[in-house]
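Colleague: entry30.pdb is the file, holding PDB, C-alpha atoms and all ligand atoms:
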ATOM      1  CA  MET U 280     144.048 111.130  49.408
ATOM      2  CA  SER U 281     142.584 112.302  46.099
ATOM      3  CA  SER U 282     139.306 114.180  45.735
ATOM      4  CA  VAL U 283     136.544 112.452  43.805
ATOM      5  CA  LEU U 284     134.229 115.439  43.937
ATOM      6  CA  GLU U 285     134.946 119.132  44.408
ATOM      7  CA  VAL U 286     132.292 121.774  44.825
ATOM      8  CA  HIS U 287     133.501 125.373  44.421
ATOM      9  CA  ASP U 288     131.506 128.342  45.685
ATOM     10  CA  LEU U 289     128.157 126.952  44.571
ATOM     11  CA  HIS U 290     125.139 129.256  44.543
ATOM     12  CA  LYS U 291     121.537 128.586  43.605
ATOM     13  CA  ALA U 292     118.800 131.185  43.857
ATOM     14  CA  PHE U 293     115.091 130.672  43.221
ATOM     15  CA  GLY U 294     113.883 134.195  42.598
ATOM     16  CA  GLY U 295     114.777 135.997  45.810
ATOM     17  CA  ILE U 296     115.465 132.803  47.794
ATOM     18  CA  LYS U 297     119.167 131.965  48.092
ATOM     19  CA  ALA U 298     118.726 128.223  48.591
ATOM     20  CA  VAL U 299     122.470 127.532  48.275
ATOM     21  CA  ASN U 300     124.653 130.500  49.062
ATOM     22  CA  GLY U 301     128.359 129.874  48.454
ATOM     23  CA  VAL U 302     129.090 126.270  49.403
ATOM     24  CA  SER U 303     132.550 124.738  48.842
ATOM     25  CA  PHE U 304     133.752 121.302  49.881
ATOM     26  CA  SER U 305     135.488 118.234  48.534
ATOM     27  CA  VAL U 306     134.860 114.534  48.932
ATOM     28  CA  ASN U 307     137.794 112.165  49.215
ATOM     29  CA  GLU U 308     137.949 108.805  47.522
ATOM     30  CA  GLY U 309     136.375 106.108  49.723
ATOM     31  CA  GLU U 310     134.875 108.574  52.165
ATOM     32  CA  ILE U 311     131.357 108.613  53.634
ATOM     33  CA  LEU U 312     130.582 112.317  53.951
ATOM     34  CA  GLY U 313     127.459 113.452  55.786
ATOM     35  CA  ILE U 314     125.575 116.701  55.084
ATOM     36  CA  ILE U 315     123.142 117.762  57.771
ATOM     37  CA  GLY U 316     121.079 120.834  58.493
ATOM     38  CA  PRO U 317     117.508 121.865  59.253
ATOM     39  CA  ASN U 318     114.689 121.498  56.731
ATOM     40  CA  GLY U 319     114.925 124.050  53.938
ATOM     41  CA  CYS U 320     118.649 124.764  54.448
ATOM     42  CA  GLY U 321     119.460 123.778  50.850
ATOM     43  CA  LYS U 322     120.576 120.148  51.069
ATOM     44  CA  SER U 323     118.459 118.743  48.228
ATOM     45  CA  THR U 324     119.118 121.813  46.065
ATOM     46  CA  LEU U 325     122.851 121.276  46.568
ATOM     47  CA  PHE U 326     122.507 117.661  45.352
ATOM     48  CA  ASN U 327     120.393 118.773  42.396
ATOM     49  CA  CYS U 328     123.067 121.281  41.354
ATOM     50  CA  ILE U 329     125.887 118.748  41.748
ATOM     51  CA  LEU U 330     124.011 116.198  39.664
ATOM     52  CA  GLY U 331     122.976 118.439  36.787
ATOM     53  CA  GLN U 332     119.292 118.443  37.712
ATOM     54  CA  LEU U 333     119.407 122.159  38.455
ATOM     55  CA  GLU U 334     121.621 124.790  36.912
ATOM     56  CA  PRO U 335     123.658 126.552  39.595
ATOM     57  CA  THR U 336     123.464 130.346  39.568
ATOM     58  CA  GLN U 337     127.220 130.417  40.175
ATOM     59  CA  GLY U 338     130.041 128.023  41.021
ATOM     60  CA  ALA U 339     131.656 124.865  39.714
ATOM     61  CA  VAL U 340     131.513 121.114  40.236
ATOM     62  CA  LYS U 341     134.506 118.898  39.471
ATOM     63  CA  LEU U 342     134.720 115.140  39.240
ATOM     64  CA  ASP U 343     138.238 113.713  39.438
ATOM     65  CA  GLY U 344     139.521 117.214  38.706
ATOM     66  CA  ARG U 345     137.401 117.562  35.555
ATOM     67  CA  ASP U 346     134.791 120.306  35.282
ATOM     68  CA  VAL U 347     131.344 118.654  35.145
ATOM     69  CA  THR U 348     129.248 121.729  36.021
ATOM     70  CA  ASN U 349     125.844 121.450  34.318
ATOM     71  CA  MET U 350     126.639 118.032  32.892
ATOM     72  CA  ARG U 351     123.432 116.049  32.371
ATOM     73  CA  PRO U 352     122.531 113.383  34.956
ATOM     74  CA  SER U 353     122.784 110.603  32.336
ATOM     75  CA  ALA U 354     126.302 111.710  31.386
ATOM     76  CA  LEU U 355     127.286 111.785  35.068
ATOM     77  CA  ASN U 356     125.815 108.284  35.442
ATOM     78  CA  ARG U 357     128.168 107.094  32.739
ATOM     79  CA  LEU U 358     131.052 108.534  34.771
ATOM     80  CA  GLY U 359     129.925 106.429  37.739
ATOM     81  CA  VAL U 360     127.934 109.032  39.679
ATOM     82  CA  SER U 361     124.356 108.519  40.820
ATOM     83  CA  ARG U 362     121.891 109.445  43.523
ATOM     84  CA  THR U 363     118.809 108.453  45.428
ATOM     85  CA  PHE U 364     115.928 110.883  45.850
ATOM     86  CA  GLN U 365     114.270 111.966  49.061
ATOM     87  CA  LEU U 366     111.127 110.243  47.755
ATOM     88  CA  LEU U 367     111.400 106.619  46.654
ATOM     89  CA  GLN U 368     112.057 105.943  42.965
ATOM     90  CA  VAL U 369     111.480 102.180  42.740
ATOM     91  CA  PHE U 370     109.132 100.732  40.099
ATOM     92  CA  PRO U 371     106.387  99.026  42.130
ATOM     93  CA  GLU U 372     105.246  96.645  39.380
ATOM     94  CA  LEU U 373     108.748  95.316  38.691
ATOM     95  CA  SER U 374     110.585  92.733  40.780
ATOM     96  CA  VAL U 375     113.616  93.562  42.911
ATOM     97  CA  ARG U 376     115.912  92.042  40.274
ATOM     98  CA  GLU U 377     114.213  93.919  37.419
ATOM     99  CA  ASN U 378     114.462  97.217  39.297
ATOM    100  CA  LEU U 379     118.202  96.675  39.754
ATOM    101  CA  ILE U 380     118.800  95.742  36.121
ATOM    102  CA  LEU U 381     116.819  98.743  34.961
ATOM    103  CA  ALA U 382     118.923 101.058  37.140
ATOM    104  CA  GLY U 383     122.058  99.484  35.672
ATOM    105  CA  GLN U 384     120.786  99.995  32.129
ATOM    106  CA  GLU U 385     120.164 103.648  32.814
ATOM    107  CA  HIS U 386     123.752 103.857  33.955
ATOM    108  CA  GLN U 387     124.879 102.367  30.652
ATOM    109  CA  GLY U 388     122.584 104.707  28.756
ATOM    110  CA  SER U 389     120.626 101.914  27.120
ATOM    111  CA  MET U 390     116.902 101.858  26.420
ATOM    112  CA  LEU U 391     114.248 100.909  28.942
ATOM    113  CA  GLY U 392     112.767  98.398  26.510
ATOM    114  CA  ARG U 393     115.926  96.329  26.648
ATOM    115  CA  LEU U 394     114.819  94.980  30.001
ATOM    116  CA  PHE U 395     112.405  92.730  28.167
ATOM    117  CA  GLY U 396     114.740  91.999  25.252
ATOM    118  CA  ALA U 397     118.321  90.816  25.318
ATOM    119  CA  ARG U 398     119.548  90.433  28.881
ATOM    120  CA  ASP U 399     122.891  91.921  29.657
ATOM    121  CA  ALA U 400     124.838  89.202  31.443
ATOM    122  CA  GLY U 401     127.087  91.741  33.139
ATOM    123  CA  LEU U 402     124.120  93.579  34.603
ATOM    124  CA  SER U 403     122.443  90.393  35.820
ATOM    125  CA  GLU U 404     125.638  89.476  37.591
ATOM    126  CA  LYS U 405     125.924  92.921  39.124
ATOM    127  CA  ALA U 406     122.278  92.762  40.194
ATOM    128  CA  GLU U 407     122.910  89.411  41.907
ATOM    129  CA  GLN U 408     125.902  90.930  43.646
ATOM    130  CA  MET U 409     123.809  93.860  44.912
ATOM    131  CA  ILE U 410     121.041  91.493  46.019
ATOM    132  CA  GLY U 411     123.696  89.690  48.044
ATOM    133  CA  PHE U 412     125.227  92.883  49.428
ATOM    134  CA  PHE U 413     121.885  94.315  50.484
ATOM    135  CA  LYS U 414     120.642  90.920  51.700
ATOM    136  CA  LEU U 415     117.569  91.010  49.483
ATOM    137  CA  GLY U 416     117.961  87.378  48.340
ATOM    138  CA  HIS U 417     114.617  86.209  49.723
ATOM    139  CA  LEU U 418     112.921  89.062  47.832
ATOM    140  CA  THR U 419     114.640  88.765  44.430
ATOM    141  CA  ASP U 420     111.454  87.972  42.498
ATOM    142  CA  ALA U 421     109.017  89.919  44.687
ATOM    143  CA  LYS U 422     107.384  93.017  43.231
ATOM    144  CA  ALA U 423     108.999  96.133  44.692
ATOM    145  CA  GLY U 424     105.571  97.587  45.495
ATOM    146  CA  GLY U 425     104.899  94.708  47.899
ATOM    147  CA  LEU U 426     108.032  95.296  50.010
ATOM    148  CA  SER U 427     107.984  97.132  53.319
ATOM    149  CA  TYR U 428     108.983 100.794  53.206
ATOM    150  CA  GLY U 429     112.363 100.023  54.776
ATOM    151  CA  GLN U 430     113.018  97.234  52.264
ATOM    152  CA  GLN U 431     112.148  99.630  49.425
ATOM    153  CA  LYS U 432     114.669 102.151  50.788
ATOM    154  CA  LEU U 433     117.305  99.394  50.773
ATOM    155  CA  LEU U 434     116.375  98.553  47.183
ATOM    156  CA  ASP U 435     116.545 102.244  46.281
ATOM    157  CA  ALA U 436     120.097 102.463  47.679
ATOM    158  CA  ALA U 437     121.070  99.259  45.843
ATOM    159  CA  MET U 438     119.670 100.736  42.588
ATOM    160  CA  ALA U 439     121.746 103.880  43.020
ATOM    161  CA  PHE U 440     124.762 101.701  43.476
ATOM    162  CA  MET U 441     123.991  99.822  40.211
ATOM    163  CA  ALA U 442     123.976 103.212  38.487
ATOM    164  CA  GLY U 443     126.838 104.881  40.286
ATOM    165  CA  PRO U 444     129.467 102.456  41.405
ATOM    166  CA  ARG U 445     131.996 105.202  42.205
ATOM    167  CA  LEU U 446     130.135 108.025  43.871
ATOM    168  CA  VAL U 447     126.607 107.746  45.228
ATOM    169  CA  LEU U 448     124.687 110.690  46.682
ATOM    170  CA  LEU U 449     121.944 109.573  49.055
ATOM    171  CA  ASP U 450     119.134 111.994  49.913
ATOM    172  CA  GLU U 451     117.695 111.057  53.313
ATOM    173  CA  PRO U 452     118.149 107.284  53.018
ATOM    174  CA  ALA U 453     117.011 106.850  56.628
ATOM    175  CA  GLY U 454     113.813 108.919  56.259
ATOM    176  CA  GLY U 455     110.799 106.931  57.484
ATOM    177  CA  VAL U 456     112.850 103.766  58.012
ATOM    178  CA  ASN U 457     112.358 101.855  61.287
ATOM    179  CA  LEU U 458     115.219 101.262  63.714
ATOM    180  CA  THR U 459     115.948  97.667  62.701
ATOM    181  CA  MET U 460     116.102  98.523  59.005
ATOM    182  CA  LEU U 461     118.241 101.583  59.818
ATOM    183  CA  GLY U 462     120.848  99.298  61.351
ATOM    184  CA  ASP U 463     120.706  97.091  58.231
ATOM    185  CA  LEU U 464     121.037 100.051  55.889
ATOM    186  CA  LYS U 465     124.006 101.446  57.784
ATOM    187  CA  GLU U 466     125.749  98.101  57.910
ATOM    188  CA  ARG U 467     125.255  97.529  54.172
ATOM    189  CA  LEU U 468     126.451 100.980  53.152
ATOM    190  CA  ARG U 469     129.535 100.437  55.300
ATOM    191  CA  ALA U 470     130.156  97.037  53.710
ATOM    192  CA  ILE U 471     129.978  98.425  50.165
ATOM    193  CA  ASN U 472     132.193 101.318  51.154
ATOM    194  CA  ALA U 473     134.787  98.995  52.672
ATOM    195  CA  GLU U 474     134.671  96.160  50.157
ATOM    196  CA  GLN U 475     134.171  98.059  46.908
ATOM    197  CA  GLY U 476     135.781 101.365  47.776
ATOM    198  CA  ALA U 477     132.572 103.268  46.974
ATOM    199  CA  THR U 478     132.381 106.913  47.969
ATOM    200  CA  PHE U 479     129.154 108.202  49.520
ATOM    201  CA  VAL U 480     127.671 111.582  50.299
ATOM    202  CA  VAL U 481     124.674 111.262  52.603
ATOM    203  CA  ILE U 482     122.124 113.988  53.304
ATOM    204  CA  GLU U 483     120.260 113.235  56.483
ATOM    205  CA  HIS U 484     117.896 114.610  58.990
ATOM    206  CA  ASN U 485     118.534 111.713  61.351
ATOM    207  CA  MET U 486     121.541 112.871  63.410
ATOM    208  CA  ASP U 487     122.347 109.531  65.019
ATOM    209  CA  PHE U 488     122.404 107.841  61.628
ATOM    210  CA  VAL U 489     124.827 110.397  60.149
ATOM    211  CA  MET U 490     127.007 110.628  63.221
ATOM    212  CA  SER U 491     127.464 106.863  63.407
ATOM    213  CA  LEU U 492     127.842 106.263  59.638
ATOM    214  CA  CYS U 493     129.975 109.142  58.387
ATOM    215  CA  THR U 494     133.662 109.856  58.765
ATOM    216  CA  ARG U 495     133.196 113.599  58.209
ATOM    217  CA  VAL U 496     130.172 115.850  58.488
ATOM    218  CA  ILE U 497     129.256 119.205  56.944
ATOM    219  CA  VAL U 498     126.568 121.316  58.577
ATOM    220  CA  LEU U 499     124.471 123.637  56.406
ATOM    221  CA  ALA U 500     122.320 126.485  57.671
ATOM    222  CA  GLU U 501     120.376 128.795  55.376
ATOM    223  CA  GLY U 502     122.359 127.784  52.309
ATOM    224  CA  ARG U 503     125.775 128.283  53.901
ATOM    225  CA  MET U 504     128.314 126.009  55.552
ATOM    226  CA  LEU U 505     128.187 126.443  59.274
ATOM    227  CA  ALA U 506     130.725 123.808  60.264
ATOM    228  CA  GLU U 507     132.762 120.895  59.009
ATOM    229  CA  GLY U 508     134.591 118.163  60.895
ATOM    230  CA  THR U 509     134.436 114.714  62.397
ATOM    231  CA  PRO U 510     131.118 113.775  64.024
ATOM    232  CA  ALA U 511     132.653 114.490  67.443
ATOM    233  CA  GLU U 512     133.928 117.931  66.367
ATOM    234  CA  VAL U 513     130.589 118.856  64.842
ATOM    235  CA  ARG U 514     128.652 117.745  67.913
ATOM    236  CA  ALA U 515     130.855 119.926  70.107
ATOM    237  CA  ASN U 516     130.736 123.016  67.848
ATOM    238  CA  PRO U 517     128.905 125.851  69.671
ATOM    239  CA  ALA U 518     127.546 127.326  66.405
ATOM    240  CA  VAL U 519     126.052 123.957  65.486
ATOM    241  CA  ILE U 520     124.529 123.457  68.908
ATOM    242  CA  GLU U 521     123.029 126.930  68.714
ATOM    243  CA  ALA U 522     121.649 126.619  65.186
ATOM    244  CA  TYR U 523     120.663 123.007  64.927
ATOM    245  CA  LEU U 524     121.264 120.605  67.782
ATOM    246  CA  GLY U 525     119.725 123.030  70.232
ATOM    247  CA  HIS U 526     116.212 122.566  69.015
TER     248      HIS U 526
HETATM  249  P1  LIG D 601     116.442 120.801  52.252
HETATM  250  O1  LIG D 601     116.648 119.670  51.300
HETATM  251  O2  LIG D 601     117.636 121.130  53.085
HETATM  252  O3  LIG D 601     115.232 120.601  53.111
HETATM  253  P2  LIG D 601     115.851 122.351  49.865
HETATM  254  O4  LIG D 601     117.095 122.330  49.091
HETATM  255  O5  LIG D 601     114.761 121.433  49.450
HETATM  256  O6  LIG D 601     116.175 122.146  51.411
HETATM  257  O7  LIG D 601     115.254 123.829  49.864
HETATM  258  C1  LIG D 601     116.056 124.979  50.135
HETATM  259  C2  LIG D 601     115.234 126.238  49.934
HETATM  260  O8  LIG D 601     114.957 126.425  48.543
HETATM  261  C3  LIG D 601     113.863 126.218  50.617
HETATM  262  O9  LIG D 601     113.580 127.527  51.042
HETATM  263  C4  LIG D 601     112.937 125.804  49.505
HETATM  264  O10 LIG D 601     111.636 126.267  49.734
HETATM  265  C5  LIG D 601     113.573 126.441  48.296
HETATM  266  N1  LIG D 601     113.347 125.694  47.047
HETATM  267  C6  LIG D 601     113.772 124.421  46.805
HETATM  268  N2  LIG D 601     113.443 124.042  45.549
HETATM  269  C7  LIG D 601     112.789 125.097  44.998
HETATM  270  C8  LIG D 601     112.209 125.347  43.717
HETATM  271  N3  LIG D 601     112.233 124.423  42.751
HETATM  272  N4  LIG D 601     111.617 126.561  43.504
HETATM  273  C9  LIG D 601     111.610 127.498  44.456
HETATM  274  N5  LIG D 601     112.140 127.341  45.683
HETATM  275  C10 LIG D 601     112.731 126.159  45.958
HETATM  276 MG    MG D 602     115.663 117.791  51.095
END
What does this structure look like when you write it as structure tokens?
Ligand code: ADP
Ligand code: MG
Modeller:
Amino acid sequence: MSSVLEVHDLHKAFGGIKAVNGVSFSVNEGEILGIIGPNGCGKSTLFNCILGQLEPTQGAVKLDGRDVTNMRPSALNRLGVSRTFQLLQVFPELSVRENLILAGQEHQGSMLGRLFGARDAGLSEKAEQMIGFFKLGHLTDAKAGGLSYGQQKLLDAAMAFMAGPRLVLLDEPAGGVNLTMLGDLKERLRAINAEQGATFVVIEHNMDFVMSLCTRVIVLAEGRMLAEGTPAEVRANPAVIEAYLGH
């Protein structure tokens, strides 16, 4: 199995705080990798360094074997990599379809204004496909701001997929989502993974969500990797139980 993403000895310090302190891992093509750990352990900072939003203090990031350390987010988008943020990034005044097309345009590096000019047939088609995948058909023309929180999180994930069809990094997709919508989200991420061969890295606080969605899990604690393995291995790891599952 080939690695889509490799992270080598990544460090990020904010003044005296070592938010990420020597993290190395790789993500295989088609995998759903989970990253868990207590609040403040460096998960979002790790994503920000991988995606060029923060400059790592040390270390390297490779995509398909190519060094992409410090590459700008827009350039990574063009290579098929995107993310969702811990806080929602949908445009409340735009419809579900318009939000998706806009995300796709960002991926292609085109201008925001194009949304209201010439429509890109390829993007409209892709948006329809995502609407189908995420079962948002009944909401296609609804303003995103009027959707429930869970529906907005689904839209947010669909937008990331418009922008990053190869590798999508999801920052707490389950945060604040009710149980029914959680099941929907999980099912739809699985479907896209299986049917389109998309690779996902999921940061989560919700253990059950990660353990039931991911094939492999990495546990972070205070900026370092505490454990790595299948969900069953991680659950049974004494260091993990001590540091995380215990409380
Ligand atoms: P997580 O996503 O796991 O909750 P973060 O990556 O957000 O953790 O934060 C890791 C550590 O880095 C925390 O101690 C946090 O306060 C600190 N931190 C994160 N971003 C910044 C920043 N921009 N400036 C200073 N400290 C930061
Ligand atoms: Mg975070």
Colleague: Counting all atoms listed in the file, what residues are within 10 Å of ligand LIG 601 (chain D), given as a ChimeraX atom specification?
Modeller: /U:291-299,314-328,333,365,450-451,482-484,499-502
Colleague: Report as JSON, numbers by chain the residues that result from applying the PyMOL selection byres (((chain U and resi 306-309) around 12) and not hetatm) to the structure here.
Modeller: {"U": [280, 281, 282, 283, 284, 285, 286, 287, 303, 304, 305, 310, 311, 312, 313, 314, 340, 341, 342, 343, 344, 444, 445, 446, 447, 448, 468, 469, 470, 471, 472, 473, 474, 475, 476, 477, 478, 479, 480, 481, 493, 494, 495, 496, 497]}
Colleague: Please evaluate the PyMOL selection byres (((chain U and resi 336) around 9) and not hetatm) against the structure above and give the resulting residues as a ChimeraX atom specification.
Modeller: /U:289-292,334-335,337-338
Colleague: Apply the PyMOL selection byres (((chain U and resi 435) around 7) and not hetatm) to the displayed file and report the matching residues as a PDB file with C-alpha atoms, keeping the file's coordinate frame.
Modeller:
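Below is the file that was written, part31.pdb:
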ATOM      1  CA  THR U 363     118.809 108.453  45.428  1.00  0.00           C
ATOM      2  CA  LEU U 367     111.400 106.619  46.654  1.00  0.00           C
ATOM      3  CA  GLN U 368     112.057 105.943  42.965  1.00  0.00           C
ATOM      4  CA  VAL U 369     111.480 102.180  42.740  1.00  0.00           C
ATOM      5  CA  GLN U 431     112.148  99.630  49.425  1.00  0.00           C
ATOM      6  CA  LYS U 432     114.669 102.151  50.788  1.00  0.00           C
ATOM      7  CA  LEU U 433     117.305  99.394  50.773  1.00  0.00           C
ATOM      8  CA  LEU U 434     116.375  98.553  47.183  1.00  0.00           C
ATOM      9  CA  ALA U 436     120.097 102.463  47.679  1.00  0.00           C
ATOM     10  CA  ALA U 437     121.070  99.259  45.843  1.00  0.00           C
ATOM     11  CA  MET U 438     119.670 100.736  42.588  1.00  0.00           C
ATOM     12  CA  ALA U 439     121.746 103.880  43.020  1.00  0.00           C
TER      13      ALA U 439
END
Colleague: Counting all atoms listed in the file, figure out which residue out of U:Leu461, U:Leu449, U:Leu373, U:Val347 gets nearest to ligand MG 602 (chain D).
Modeller: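 Result for the nearest residue to ligand MG 602 (chain D): U:Leu449.
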Colleague: Find the distance between CA of Gly443 (chain U) and CA of Ile329 (chain U) and write it in Å to one decimal.
Modeller: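 Separating CA of Gly443 (chain U) from CA of Ile329 (chain U) is a distance of 14.0 Å.
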Colleague: Please compute the CA of Glu404 (chain U)-CA of Arg351 (chain U) distance, one decimal, in Å.
Modeller: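 Between CA of Glu404 (chain U) and CA of Arg351 (chain U) the gap is 27.2 Å.
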Colleague: Enter the distance from CA of Ala406 (chain U) to CA of Leu379 (chain U), in Å, rounded to one decimal.
Modeller: 5.7 Å
Colleague: Would you please work out which residue, of U:Leu366, U:Glu385, U:Val360, U:Phe412, is nearest to ligand MG 602 (chain D) when using only C-alpha atoms and all ligand atoms?
Modeller: U:Leu366
Colleague: Kindly indicate which residue among U:Pro371, U:Met486, U:Ala423, U:Gly454 lies nearest to ligand MG 602 (chain D), using all atoms listed in the file for the distances.
Modeller: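 So, comparing all the options, the nearest one is U:Gly454.
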Colleague: Considering only C-alpha atoms, can you say which of U:Gly455, U:Met441, U:Asn300, U:Leu330 comes closest to Thr348 (chain U)?
Modeller: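 Under the stated criterion, the closest residue is U:Leu330.
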Colleague: Since the input lacks some atoms of region 417-441 of chain U, please model N, CA and C atoms and print them as an mmCIF file, keeping the file's coordinate frame.
Modeller:
data_model
loop_
_atom_site.group_PDB
_atom_site.id
_atom_site.type_symbol
_atom_site.label_atom_id
_atom_site.label_comp_id
_atom_site.auth_asym_id
_atom_site.auth_seq_id
_atom_site.Cartn_x
_atom_site.Cartn_y
_atom_site.Cartn_z
ATOM 1 N N HIS U 417 115.945 86.819 49.566
ATOM 2 C CA HIS U 417 114.617 86.209 49.723
ATOM 3 C C HIS U 417 113.542 87.005 48.987
ATOM 4 N N LEU U 418 113.914 88.186 48.474
ATOM 5 C CA LEU U 418 112.921 89.062 47.832
ATOM 6 C C LEU U 418 113.207 89.278 46.340
ATOM 7 N N THR U 419 114.173 88.539 45.801
ATOM 8 C CA THR U 419 114.640 88.765 44.430
ATOM 9 C C THR U 419 113.512 88.886 43.411
ATOM 10 N N ASP U 420 112.521 87.990 43.500
ATOM 11 C CA ASP U 420 111.454 87.972 42.498
ATOM 12 C C ASP U 420 110.167 88.644 42.976
ATOM 13 N N ALA U 421 110.209 89.227 44.165
ATOM 14 C CA ALA U 421 109.017 89.919 44.687
ATOM 15 C C ALA U 421 108.872 91.272 44.003
ATOM 16 N N LYS U 422 107.622 91.685 43.776
ATOM 17 C CA LYS U 422 107.384 93.017 43.231
ATOM 18 C C LYS U 422 107.804 94.075 44.250
ATOM 19 N N ALA U 423 108.489 95.107 43.783
ATOM 20 C CA ALA U 423 108.999 96.133 44.692
ATOM 21 C C ALA U 423 107.867 96.784 45.485
ATOM 22 N N GLY U 424 106.700 96.942 44.830
ATOM 23 C CA GLY U 424 105.571 97.587 45.495
ATOM 24 C C GLY U 424 105.057 96.813 46.703
ATOM 25 N N GLY U 425 105.378 95.523 46.774
ATOM 26 C CA GLY U 425 104.899 94.708 47.899
ATOM 27 C C GLY U 425 105.872 94.688 49.067
ATOM 28 N N LEU U 426 107.046 95.284 48.922
ATOM 29 C CA LEU U 426 108.032 95.296 50.010
ATOM 30 C C LEU U 426 107.655 96.316 51.071
ATOM 31 N N SER U 427 108.191 96.117 52.278
ATOM 32 C CA SER U 427 107.984 97.132 53.319
ATOM 33 C C SER U 427 108.712 98.410 52.906
ATOM 34 N N TYR U 428 108.348 99.516 53.539
ATOM 35 C CA TYR U 428 108.983 100.794 53.206
ATOM 36 C C TYR U 428 110.501 100.721 53.396
ATOM 37 N N GLY U 429 110.929 100.142 54.495
ATOM 38 C CA GLY U 429 112.363 100.023 54.776
ATOM 39 C C GLY U 429 113.076 99.186 53.724
ATOM 40 N N GLN U 430 112.424 98.083 53.305
ATOM 41 C CA GLN U 430 113.018 97.234 52.264
ATOM 42 C C GLN U 430 113.110 97.992 50.937
ATOM 43 N N GLN U 431 112.099 98.827 50.659
ATOM 44 C CA GLN U 431 112.148 99.630 49.425
ATOM 45 C C GLN U 431 113.283 100.642 49.477
ATOM 46 N N LYS U 432 113.552 101.202 50.662
ATOM 47 C CA LYS U 432 114.669 102.151 50.788
ATOM 48 C C LYS U 432 116.001 101.424 50.555
ATOM 49 N N LEU U 433 116.095 100.182 51.030
ATOM 50 C CA LEU U 433 117.305 99.394 50.773
ATOM 51 C C LEU U 433 117.462 99.148 49.281
ATOM 52 N N LEU U 434 116.353 98.785 48.635
ATOM 53 C CA LEU U 434 116.375 98.553 47.183
ATOM 54 C C LEU U 434 116.776 99.829 46.447
ATOM 55 N N ASP U 435 116.239 100.950 46.885
ATOM 56 C CA ASP U 435 116.545 102.244 46.281
ATOM 57 C C ASP U 435 118.055 102.525 46.355
ATOM 58 N N ALA U 436 118.654 102.258 47.514
ATOM 59 C CA ALA U 436 120.097 102.463 47.679
ATOM 60 C C ALA U 436 120.867 101.500 46.775
ATOM 61 N N ALA U 437 120.408 100.253 46.697
ATOM 62 C CA ALA U 437 121.070 99.259 45.843
ATOM 63 C C ALA U 437 120.987 99.687 44.378
ATOM 64 N N MET U 438 119.836 100.264 43.974
ATOM 65 C CA MET U 438 119.670 100.736 42.588
ATOM 66 C C MET U 438 120.638 101.871 42.281
ATOM 67 N N ALA U 439 120.806 102.766 43.225
ATOM 68 C CA ALA U 439 121.746 103.880 43.020
ATOM 69 C C ALA U 439 123.144 103.327 42.843
ATOM 70 N N PHE U 440 123.430 102.275 43.577
ATOM 71 C CA PHE U 440 124.762 101.701 43.476
ATOM 72 C C PHE U 440 124.978 101.002 42.135
ATOM 73 N N MET U 441 123.915 100.411 41.570
ATOM 74 C CA MET U 441 123.991 99.822 40.211
ATOM 75 C C MET U 441 124.361 100.914 39.208
#
